[in-house]
Structure formats: C-alpha cells, structure tokens
Amino acid sequence: MTKKSSVKFVCGECGSYHLKWQGRCPDCNTWGSVQEEVVAGPSLGFRKPGAAVAKATKVFHLDADQDLPEVLRLPVGISELDRVLGGGLVPGAFVLLSGDPGIGKSTLLLEAVFQFAKQGKKILYSSGEESSAQILLRAQRLGLLHSNIMVANETNVEAIIATIKEHSPDMLVVDSIQTVFCPDVPSAPGSVSQVRECAAKLLDVAKSQDLPVWLVGHVTKDGSIAGPRVLEHLVDCVLYLEGDPNSGYRILRAVKNRFGSTGEIGVFEMNGDGLCPVADPGAQFLEHFSKGGARPSGVSATVAVEGSRPILVELQSLVSKTAFGNPRRVVTGLDANRIAILLAVLEKRSGLYFSMNDVYATVAGGLKITEPSVDFAAAVSMASSLLDRPILGRYCFVGEVGLSGEIRACPHLGIRIMEAAKMGFERIYVPEASLKSETQRSASTNKNIEIIPVRSLSNFEKLGIW
C-alpha cells in the first residue's frame with residue numbers, strides 16, 4: 001500500500017492544525033495566518049522482511065569519573081557579541097538571530113563573519129533576501145571585504161547542504177530561514193512545514209560536522225519571532241537585536257543559550273562604520289549625570305543588572321496638569337503596568353497625588369528595562385517632577401517598591417554599588433533589607449560612595465534627596 005496525502009490548514013503563527021480554511025485562527029486570533037499544506041499520511045508501521053534491527057546507542061554516565069570531551073569556544077572577535085554568546089561560539093552551535101526590519105541583523109552578521117575570516121576561517125554566507133551585488137556594496141561601504149567570505153544566493157536547502165560539502169566552510173550564515181525551502185515539502189517558503197523541515201536539515205549538518213550555523217529570523221508586528229515556537233526549540237541560542245531605529249544604540253539580548261547564561265546583553269552603537277561595540281554603556285546613557293551643572297527635576301539614576309552586567313541608566317519623568325478628563329500615562333522603556341502601580345503606591349503611602357496630572361516616563365537612550373529593581377528610581381523621578389524639585393547631587397537609587405510602600409531587597413547589590421562608585425556617584429540609596437546579613441554588608445562596603453539604607457517611601461523629605 002502507498003501512503004495517502006491529505007490537505008490540512010496550518011496557522012503560520014502558532015502552528016495549530018485545522019480541518020478547513022479560516023480567516024482568523026481560533027487559537028491565536030491572528031487574521032490571515034491559516035495556510036493550506038499537504039501532509040503525508042501515516043505509515044503502516046510494519047517492518048519489512050529482512051530489515052535491519054536498530055542497535056542500542058552508546059550512553060554516558062553522569063559521574064565524576066566519566067571522561068567527557070572538553071568544549072572549546074571559538075571567539076568571534078566582537079567583544080559584545082562574544083559576551084552575549086557566553087565567551088564565543090561552540091562548534092556545532094545553532095544560533096537564531098532575530099529583530100525588527102532594518103535594525104542591523106545583516107550588518108552585525110557581516111561584521112562577525114569578517115572577524116571570523118581574519119582568523120583564517122572560511123565562511124559561507126547564503127542569502128535569500130539580498131543579491132551578491134548588494135552584499136558586496138555593503139561590505140565595501142563598511143570595509144569588510146575578505147577572500148575567505150563566500151557569498152551564495154540560494155534558497156534551496158538541498159543546494160545549500162551540497163555547497164557545504166563542496167567548500168567545507170567553518171561557519172554558515174543563512175539569511176533568512178523564512179526564505180529557504182525544501183523541495184520535498186509541498187508548501188510555500190516561510191510556512192510552518194518548510195521552516196521546521198529546513199531548520200531540521202541544517203541542524204543535522206551543524207551537529208554532524210561541528211559547523212556553527214547562524215540563522216536570521218523574521219519577527220511579527222508584535223515583535224515575536226515569526227512562525228511557531230518549534231524554531232526556537234530547535235536552536236541552541238536565541239538572540240534578539242532590539243532598539244529604536246531612530247536611536248543610535250542597539251541592544252543584543254540572549255533569551256535562550258544552552259552554552260551560557262541567559263539575560264546577557266551587548267550594547268552596540270550604529271554609525272557610519274556599522275555596529276560598533278560599546279564597552280562602557282553606563283557612560284553613554286547618563287547625560288545629566290555625566291556633566292556638571294544643575295539637573296532638571298524629574299531625572300534620576302539607577303543601576304540595572306542585565307545578566308551579569310551592571311548598567312547605569314537615567315530615568316526621566318514629566319508630570320504636568322492634564323487638559324482632559326482622563327490623565328494620560330505614556331511609558332517608554334519601562335513596564336507601563338509597573339508605573340501605574342508605583343503611582344498608586346505614591347498616592348497612598350507618600351501623599352503625592354497624580355490623579356489630575358499627565359505622567360510621561362522614559363528610559364534615556366532607548367533602553368528597555370524590565371527588572372523590578374528600578375522601581376525606586378522611577379518613583380523618585382516622578383515625585384521629583386511632581387514637586388518640581390531636582391535631585392541635589394549625583395545620587396543613585398536601587399530597590400523594588402512593594403504595595404505597602406516598602407523598599408524590597410534586590411539581588412547583585414554589591415556589583416551595583418561598585419558600578420555606581422566607578423561612575424563617580426556620591427551617594428546610593430539601597431534597600432535596608434539587603435544589608436541585613438553580614439555577607440551582604442561586607443559585599444556592599446565601598447569607601448568611595450555613601451550608602452544610605454531605606455525602608456519605605458513613607459516620607460521623601462527625610463531621605464535628603466532634594
């Protein structure tokens with residue numbers, strides 16, 4: 001008997017199957033994402049006479065006496081990229097790089113392969129979106145020409161694998177995975193079946209030949225990687241390149257890394273020479289605290305920790321009388337729901353009323369901060385703008401704000417204090433709960449900065465901020 005094929009309808013966003021076409025997927029509520037695909041029927045599952053029986057696989061015991069091969073990392077040569085990867089590329093690593101259109105994904109990868117080529121490695125750059133002439137023009141403009149970089153305009157995954165066997169590169173770049181197709185899959189490139197099958201074939205090549213593979217992935221309008229989550233499950237590392245296109249800074253963030261820690265970020269600056277690593281991002285985002293003179297009201301500073309890196313950031317707030325019945329709340333770079341909670345806490349616990357005022361809050365430099373330890377600085381910034389009282393000196397604020405107004409403990413307090421002292425801050429306000437243990441007190445000791453423990457937001461006047 002031969003297999004029978006059937007027609008099913010698959011959502012390109014969530015990957016769910018449906019028996020008939022629908023304008024909107026009932027699972028993820030996305031319009032126009034359901035596509036027709038031909039799915040091969042199930043096999044009978046009978047073994048043919050004389051077929052070989054599978055042999056048992058060799059296993060490893062997780063004990064101290066087991067000799068496992070040492071994992072060697074290959075530094076790319078870009079400090080911020082190596083930092084996010086955990087020290088460099090692991091042989092056979094399968095890395096997915098995603099981001100908004102025009103954010104700099106292809107530029108970053110071209111710089112990475114150029115640095116890799118200068119080490120004597122051969123790279124195959126397979127592009128399905130740009131022609132060889134376009135890549136050559138960008139490489140000439142950025143000064144990234146090297147004979148070890150091989151460019152191919154190919155979207156057939158079988159042809160890409162054949163090119164790998166012929167030229168034996170040390171790194172593969174596929175830009176992008178949504179343009180690659182497999183001839184055996186009867187569906188359009190970018191569909192769920194095509195992305196899954198092409199990624200699985202490239203994964204097999206990466207692991208069998210210890211070949212590092214970079215995949216570029218598209219994103220949807222809400223910023224998530226296009227297609228189902230199966231692509232993110234297959235890869236070893238998922239990197240997001242984010243930032244405001246109108247701003248000069250880009251943030252490379254690792255959200256999954258099997259060979260390193262997640263949450264690490266790398267900071268780049270976009271200029272005429274491409275994406276340049278920023279070794280000291282704290283100095284770039286402190287405009288009002290990096291120079292002398294009086295500071296305006298509504299400006300505060302905090303130390304955010306992304307992964308293992310402390311970054312000094314500047315928070316700005318503007319509180320003004322509303323001209324409408326409902327006051328506006330506009331937040332950029334922070335969690336809008338978190339800011340709404342902080343405003344309620346300030347009204348209830350500190351007696352500062354924002355109900356008849358518009359509130360605008362932002363993180364300077366286009367950064368996005370998600371950790372709750374910036375609550376204290378955000379509250380001080382909004383209170384400073386409401387009272388129109390600027391902060392007296394180079395003060396820094398760290399801590400999470402609870403619903404009862406208490407300043408809750410935050411992790412990595414020692415490295416936050418060291419970073420603030422290195423940047424020349426005179427005083428740092430920290431949670432009193434973080435200084436309870438002897439270990440935390442010793443780790444937080446620093447003679448170059450005054451450490452002020454704070455218990456709650458009940459009274460701003462006693463803190464000596466303004």
# chains A, B, ... in the order shown; residues from 1 in each chain; ligands from 1
call {"tool": "residues_around", "arguments": {"residues": "A:Glu419", "least_positions_apart": "4", "cutoff": "7 Å", "atoms": "only C-alpha atoms", "output": "PyMOL selection string"}}
result
chain A and resi 310+415+423
call {"tool": "residues_around", "arguments": {"residues": "A:Phe268", "least_positions_apart": "4", "cutoff": "9 Å", "atoms": "only C-alpha atoms", "output": "list in words"}}
result
Glu80, Gly248, Tyr249, Arg250, Ile251, Leu252, Leu275, Cys276, Pro277, Val278, Ala279 and Pro281 of chain A
call {"tool": "write_last_selection", "arguments": {"atoms": "C-alpha atoms", "output": "mmCIF file, in the first residue's frame"}}
result
data_model
loop_
_atom_site.group_PDB
_atom_site.id
_atom_site.type_symbol
_atom_site.label_atom_id
_atom_site.label_comp_id
_atom_site.auth_asym_id
_atom_site.auth_seq_id
_atom_site.Cartn_x
_atom_site.Cartn_y
_atom_site.Cartn_z
ATOM 1 C CA GLU A 80 29.885 42.425 22.937
ATOM 2 C CA GLY A 248 21.953 55.167 17.582
ATOM 3 C CA TYR A 249 22.077 52.321 20.099
ATOM 4 C CA ARG A 250 21.215 48.656 19.637
ATOM 5 C CA ILE A 251 20.816 46.040 22.356
ATOM 6 C CA LEU A 252 21.672 42.404 21.648
ATOM 7 C CA LEU A 275 27.621 48.431 14.601
ATOM 8 C CA CYS A 276 30.438 49.303 16.997
ATOM 9 C CA PRO A 277 30.604 47.663 20.469
ATOM 10 C CA VAL A 278 30.103 49.973 23.444
ATOM 11 C CA ALA A 279 32.479 48.843 26.166
ATOM 12 C CA PRO A 281 27.381 51.656 28.216
#
call {"tool": "residues_around", "arguments": {"residues": "stretch 124-140 of chain A", "least_positions_apart": "4", "cutoff": "9 Å", "atoms": "only C-alpha atoms", "output": "MDAnalysis selection string"}}
result
chainID A and resid 107 110:111 113 144:145 148:155 160 163:164 167:180
call {"tool": "closest_atom_pairs", "arguments": {"of": "stretch 85-196 of chain A", "to": "stretch 242-247 of chain A", "cutoff": "8 Å", "atoms": "only C-alpha atoms", "output": "JSON lines"}}
result
{"residue": "A:Gly99", "atom": "CA", "partner": "A:Glu242", "partner_atom": "CA", "distance": 6.0}
{"residue": "A:Asp100", "atom": "CA", "partner": "A:Glu242", "partner_atom": "CA", "distance": 7.1}
{"residue": "A:Gly102", "atom": "CA", "partner": "A:Pro245", "partner_atom": "CA", "distance": 7.6}
{"residue": "A:Ile103", "atom": "CA", "partner": "A:Pro245", "partner_atom": "CA", "distance": 6.3}
call {"tool": "select_by_dssp", "arguments": {"residues": "stretch 224-338 of chain A", "states": "strand (DSSP E)", "output": "PyMOL selection string"}}
result
chain A and resi 237-242+249-257+265-271+274-277+299-306+309-321+329-332
